[in-house]
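> Supplied structure: structure-v4.tsv, TSV, C-alpha atoms.
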chain	number	residue	atom	x	y	z
A	1	MET	CA	17.19	6.07	16.85
A	2	THR	CA	16.96	8.52	13.96
A	3	ASP	CA	14.67	11.52	14.00
A	4	THR	CA	13.00	10.70	10.69
A	5	THR	CA	12.32	7.74	8.42
A	6	VAL	CA	13.00	9.27	5.00
A	7	GLY	CA	11.38	7.73	1.92
A	8	SER	CA	9.94	4.81	3.85
A	9	ALA	CA	6.33	4.73	2.66
A	10	VAL	CA	5.41	1.34	1.24
A	11	VAL	CA	2.93	1.25	-1.64
A	12	THR	CA	1.09	-1.97	-2.51
A	13	LEU	CA	-1.88	-2.88	-4.68
A	14	PRO	CA	-3.97	-5.32	-2.62
A	15	ALA	CA	-6.90	-5.42	-5.08
A	16	ASP	CA	-7.67	-4.25	-8.62
A	17	THR	CA	-9.16	-0.97	-7.39
A	18	GLN	CA	-7.00	-0.33	-4.31
A	19	ILE	CA	-3.75	1.39	-3.39
A	20	LEU	CA	-2.42	0.76	0.11
A	21	ILE	CA	0.20	3.11	1.51
A	22	THR	CA	1.85	2.48	4.89
A	23	ARG	CA	4.31	4.85	6.54
A	24	GLU	CA	5.76	5.01	10.03
A	25	PHE	CA	6.57	8.37	11.63
A	26	ASN	CA	8.86	9.10	14.55
A	27	ALA	CA	6.18	11.22	16.24
A	28	PRO	CA	3.07	10.58	18.32
A	29	ARG	CA	-0.13	10.18	16.38
A	30	HIS	CA	-1.79	13.34	17.72
A	31	LEU	CA	1.04	15.35	16.16
A	32	VAL	CA	0.95	13.44	12.87
A	33	TYR	CA	-2.84	13.92	12.78
A	34	ARG	CA	-2.42	17.62	13.54
A	35	ALA	CA	0.13	18.05	10.72
A	36	TRP	CA	-2.24	16.14	8.41
A	37	THR	CA	-5.30	18.26	9.19
A	38	GLU	CA	-4.24	21.87	9.93
A	39	PRO	CA	-4.07	24.06	6.81
A	40	GLU	CA	-1.01	26.06	7.87
A	41	LEU	CA	0.89	22.80	8.43
A	42	ILE	CA	-0.50	21.10	5.28
A	43	ARG	CA	0.91	24.00	3.23
A	44	ARG	CA	4.39	23.06	4.47
A	45	TRP	CA	4.36	19.39	3.44
A	46	TRP	CA	1.68	18.59	0.86
A	47	PRO	CA	3.44	20.00	-2.24
A	48	GLY	CA	6.42	17.71	-1.56
A	49	GLY	CA	8.74	20.27	-3.10
A	50	HIS	CA	6.86	20.13	-6.43
A	51	GLY	CA	5.45	23.63	-6.43
A	52	GLU	CA	3.78	26.37	-4.46
A	53	MET	CA	0.61	25.53	-2.58
A	54	THR	CA	-2.09	28.04	-3.45
A	55	VAL	CA	-5.08	26.52	-1.64
A	56	ALA	CA	-5.25	24.57	1.64
A	57	GLU	CA	-8.83	24.58	2.89
A	58	VAL	CA	-10.06	22.16	5.55
A	59	ASP	CA	-13.54	21.97	7.07
A	60	LEU	CA	-12.75	19.03	9.37
A	61	ARG	CA	-16.20	17.64	10.17
A	62	VAL	CA	-18.38	14.91	8.69
A	63	GLY	CA	-19.92	16.49	5.60
A	64	GLY	CA	-17.18	19.14	5.55
A	65	ARG	CA	-15.00	19.58	2.52
A	66	TRP	CA	-11.30	19.93	1.86
A	67	CYS	CA	-9.51	21.46	-1.13
A	68	TYR	CA	-5.79	21.57	-1.96
A	69	ALA	CA	-4.10	23.13	-5.00
A	70	LEU	CA	-0.58	23.93	-6.07
A	71	VAL	CA	1.16	25.50	-9.02
A	72	THR	CA	4.21	23.64	-10.34
A	73	PRO	CA	7.40	25.49	-11.27
A	74	GLU	CA	6.29	25.02	-14.91
A	75	GLY	CA	3.03	26.86	-14.17
A	76	PHE	CA	0.75	23.80	-14.21
A	77	GLU	CA	-2.05	23.89	-11.62
A	78	VAL	CA	-2.87	20.68	-9.74
A	79	GLY	CA	-5.99	20.52	-7.59
A	80	PHE	CA	-7.76	17.98	-5.42
A	81	HIS	CA	-10.88	18.18	-3.30
A	82	GLY	CA	-13.15	15.91	-1.30
A	83	GLU	CA	-15.67	15.46	1.46
A	84	TYR	CA	-15.15	14.04	4.94
A	85	LEU	CA	-17.31	10.95	5.47
A	86	GLU	CA	-16.10	9.75	8.88
A	87	LEU	CA	-13.79	11.23	11.52
A	88	VAL	CA	-12.34	9.98	14.79
A	89	PRO	CA	-9.85	12.61	16.03
A	90	ASP	CA	-6.25	11.37	16.09
A	91	GLU	CA	-7.35	7.94	14.78
A	92	LEU	CA	-9.35	7.89	11.54
A	93	ILE	CA	-10.30	9.99	8.54
A	94	VAL	CA	-12.47	8.65	5.73
A	95	CYS	CA	-12.98	11.03	2.83
A	96	THR	CA	-13.45	11.24	-0.88
A	97	GLU	CA	-10.56	12.40	-3.05
A	98	ALA	CA	-11.23	13.94	-6.46
A	99	TYR	CA	-8.44	14.95	-8.84
A	100	GLU	CA	-9.64	18.04	-10.67
A	101	GLY	CA	-7.58	17.24	-13.79
A	102	ILE	CA	-9.81	14.38	-15.00
A	103	PRO	CA	-13.28	14.37	-16.52
A	104	ASP	CA	-16.07	14.22	-13.91
A	105	PRO	CA	-13.75	14.43	-10.90
A	106	ASP	CA	-16.54	13.93	-8.36
A	107	GLY	CA	-18.04	10.99	-10.26
A	108	ASN	CA	-14.60	9.39	-10.44
A	109	ALA	CA	-13.52	10.27	-6.89
A	110	ALA	CA	-11.69	7.69	-4.82
A	111	THR	CA	-12.50	7.01	-1.18
A	112	THR	CA	-9.50	7.12	1.14
A	113	THR	CA	-9.36	5.68	4.65
A	114	HIS	CA	-6.57	7.18	6.79
A	115	THR	CA	-5.78	5.18	9.92
A	116	PHE	CA	-3.39	6.64	12.51
A	117	THR	CA	-2.05	3.96	14.89
A	118	ASP	CA	0.06	4.74	17.94
A	119	GLU	CA	2.95	2.37	18.59
A	120	GLY	CA	4.99	3.49	21.59
A	121	GLY	CA	5.17	7.16	20.67
A	122	ARG	CA	5.57	6.43	16.98
A	123	THR	CA	2.74	6.53	14.48
A	124	THR	CA	1.86	4.22	11.64
A	125	LEU	CA	-0.27	5.90	9.01
A	126	THR	CA	-2.17	3.57	6.72
A	127	LEU	CA	-3.89	5.02	3.66
A	128	LEU	CA	-6.27	2.77	1.76
A	129	VAL	CA	-7.30	4.44	-1.50
A	130	GLU	CA	-10.27	2.76	-3.15
A	131	HIS	CA	-10.97	3.69	-6.75
A	132	LYS	CA	-14.19	2.87	-8.60
A	133	THR	CA	-12.32	1.12	-11.41
A	134	LYS	CA	-9.01	-0.61	-12.05
A	135	GLU	CA	-8.36	1.97	-14.77
A	136	GLY	CA	-8.74	4.78	-12.23
A	137	ARG	CA	-6.40	3.05	-9.83
A	138	ASP	CA	-3.84	2.43	-12.55
A	139	MET	CA	-3.95	6.04	-13.73
A	140	HIS	CA	-3.35	7.15	-10.12
A	141	VAL	CA	-0.37	4.81	-9.70
A	142	GLU	CA	1.11	5.73	-13.11
A	143	SER	CA	0.75	9.49	-12.47
A	144	GLY	CA	4.09	9.59	-10.67
A	145	MET	CA	2.30	10.15	-7.37
A	146	GLU	CA	4.73	8.02	-5.39
A	147	ASP	CA	7.72	10.37	-5.76
A	148	GLY	CA	5.77	13.42	-4.62
A	149	MET	CA	4.04	11.43	-1.89
A	150	GLN	CA	7.35	10.16	-0.46
A	151	LYS	CA	8.77	13.68	-0.35
A	152	GLY	CA	5.56	15.09	1.14
A	153	LEU	CA	5.42	12.42	3.84
A	154	ASP	CA	9.08	13.05	4.69
A	155	LEU	CA	8.22	16.72	5.21
A	156	LEU	CA	5.11	15.77	7.20
A	157	GLU	CA	7.30	13.77	9.56
A	158	GLU	CA	9.73	16.67	9.99
A	159	ILE	CA	6.82	18.95	10.87
A	160	ALA	CA	5.25	16.46	13.30
A	161	VAL	CA	8.63	15.94	15.02
A	162	SER	CA	9.09	19.72	15.29
A	163	LEU	CA	5.72	20.08	17.07
A	164	ARG	CA	6.94	18.10	20.10
When written as structure tokens, how does the structure in this file appear?

Amino acid sequence: MTDTTVGSAVVTLPADTQILITREFNAPRHLVYRAWTEPELIRRWWPGGHGEMTVAEVDLRVGGRWCYALVTPEGFEVGFHGEYLELVPDELIVCTEAYEGIPDPDGNAATTTHTFTDEGGRTTLTLLVEHKTKEGRDMHVESGMEDGMQKGLDLLEEIAVSLR
């Protein structure tokens, strides 16, 4: 069995406003959840090699907010923020996700449901991103997000495995 499952996230579009991402990790879900939610660990995987993370703030409670930002090698700043709507430690995160580079980011925020499922010491992470419009979903998909996401999730797995 290999230590990691590089580039294995599967992206599908189950409905006009949805993006579904599924990825298995060779680590128990409490470690994947920890790597997903602790700022010092987020800083190590979220940029996916596409820049330097400048902000990783997490107030992990219902009603709490999160904010991530990075600066690309070309000097372009990319920022996202949101609010936690529902939390079940090691199992579920539901939050908003607003890209700060579009008009009215909060009004156009997506809602993302993160489900962490344990399968014999391995974790399946399912991300269901629900946009308000098909146009919003399509802009997200066409942004090139999949390349950065694959690299970021590969790094997330390395971190979770290293926490054993």
> Have a look at A:Gly7, A:Gly144, A:Gly75, A:Gly82 and name the one nearest to Phe25 (chain A); count all atoms listed in the file.
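So, comparing all the options, the nearest one is A:Gly7.
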> Given the choices A:Glu57, A:Asp16, A:Asp118, A:Glu77, which gets closest to Tyr99 (chain A) if the distance is worked out from all atoms listed in the file?
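Of A:Glu57, A:Asp16, A:Asp118, A:Glu77, the one nearest Tyr99 (chain A), counting all atoms listed in the file, is A:Glu77.
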> List the neighbours of Trp46 (chain A) out to 12 Å using only C-alpha atoms; skip same-chain residues closer than 6 positions along the sequence, and give me the result as a VMD selection string.
chain A and resid 35 to 40 52 to 56 67 to 70 78 to 80 145 148 to 157 159
> Using 5 Å of padding on each side, determine the axis-aligned box around all atoms of region 142-158 of chain A present in the file and give its centre and edge lengths in Å to one decimal, as lines of an AutoDock Vina configuration file.

center_x = 5.2
center_y = 11.2
center_z = -1.6
size_x = 19.0
size_y = 21.0
size_z = 33.1
> Go through A:Gly121, A:His30, A:Ala160, A:Thr5 and flag the residue nearest Pro89 (chain A), using all atoms listed in the file for the distances.
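Among the listed residues, the smallest separation from Pro89 (chain A) belongs to A:His30.
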> For a test of reading the model, state the distance in Å between CA of Glu135 (chain A) and CA of Ile42 (chain A), rounded to one decimal.
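CA of Glu135 (chain A) sits 28.8 Å away from CA of Ile42 (chain A).
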> Measure the distance from CA of Leu31 (chain A) to CA of Leu163 (chain A) in Å and round it to one decimal.
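Atom-to-atom, CA of Leu31 (chain A) and CA of Leu163 (chain A) are spaced 6.7 Å apart.
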> Calculated over all atoms listed in the file, which of the candidates A:Thr72, A:Thr111, A:Thr117, A:Ser162 has the smallest distance to Thr22 (chain A)?
A:Thr117
> Pick from A:Arg122, A:Val129, A:Arg23, A:Pro73: nearest to Thr96 (chain A), with all atoms listed in the file counted?
A:Val129
> Show me, as an MDAnalysis selection string, the residues that have an atom within 7 Å of Glu83 (chain A) when counting all atoms listed in the file, minus same-chain residues fewer than 2 positions from it.
chainID A and resid 63:66 85 95:96
> Using all atoms listed in the file, which residue out of A:Ala9, A:Ile93, A:Met139, A:Ile21 lies closest to Tyr33 (chain A)?
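Counting all atoms listed in the file, the residue closest to Tyr33 (chain A) is A:Ile93.
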> Measure the distance from CA of Arg34 (chain A) to CA of Glu86 (chain A) in Å and round it to one decimal.
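Pair CA of Arg34 (chain A) / CA of Glu86 (chain A) returns 16.5 Å.
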> So that I can see what lies close to Ile19 (chain A), please list as a ChimeraX atom specification the residues with an atom at most 12 Å from it, counting all atoms listed in the file and leaving out residues fewer than 5 positions away in the same chain.
/A:10-14,110-113,126-134,136-142,145-146
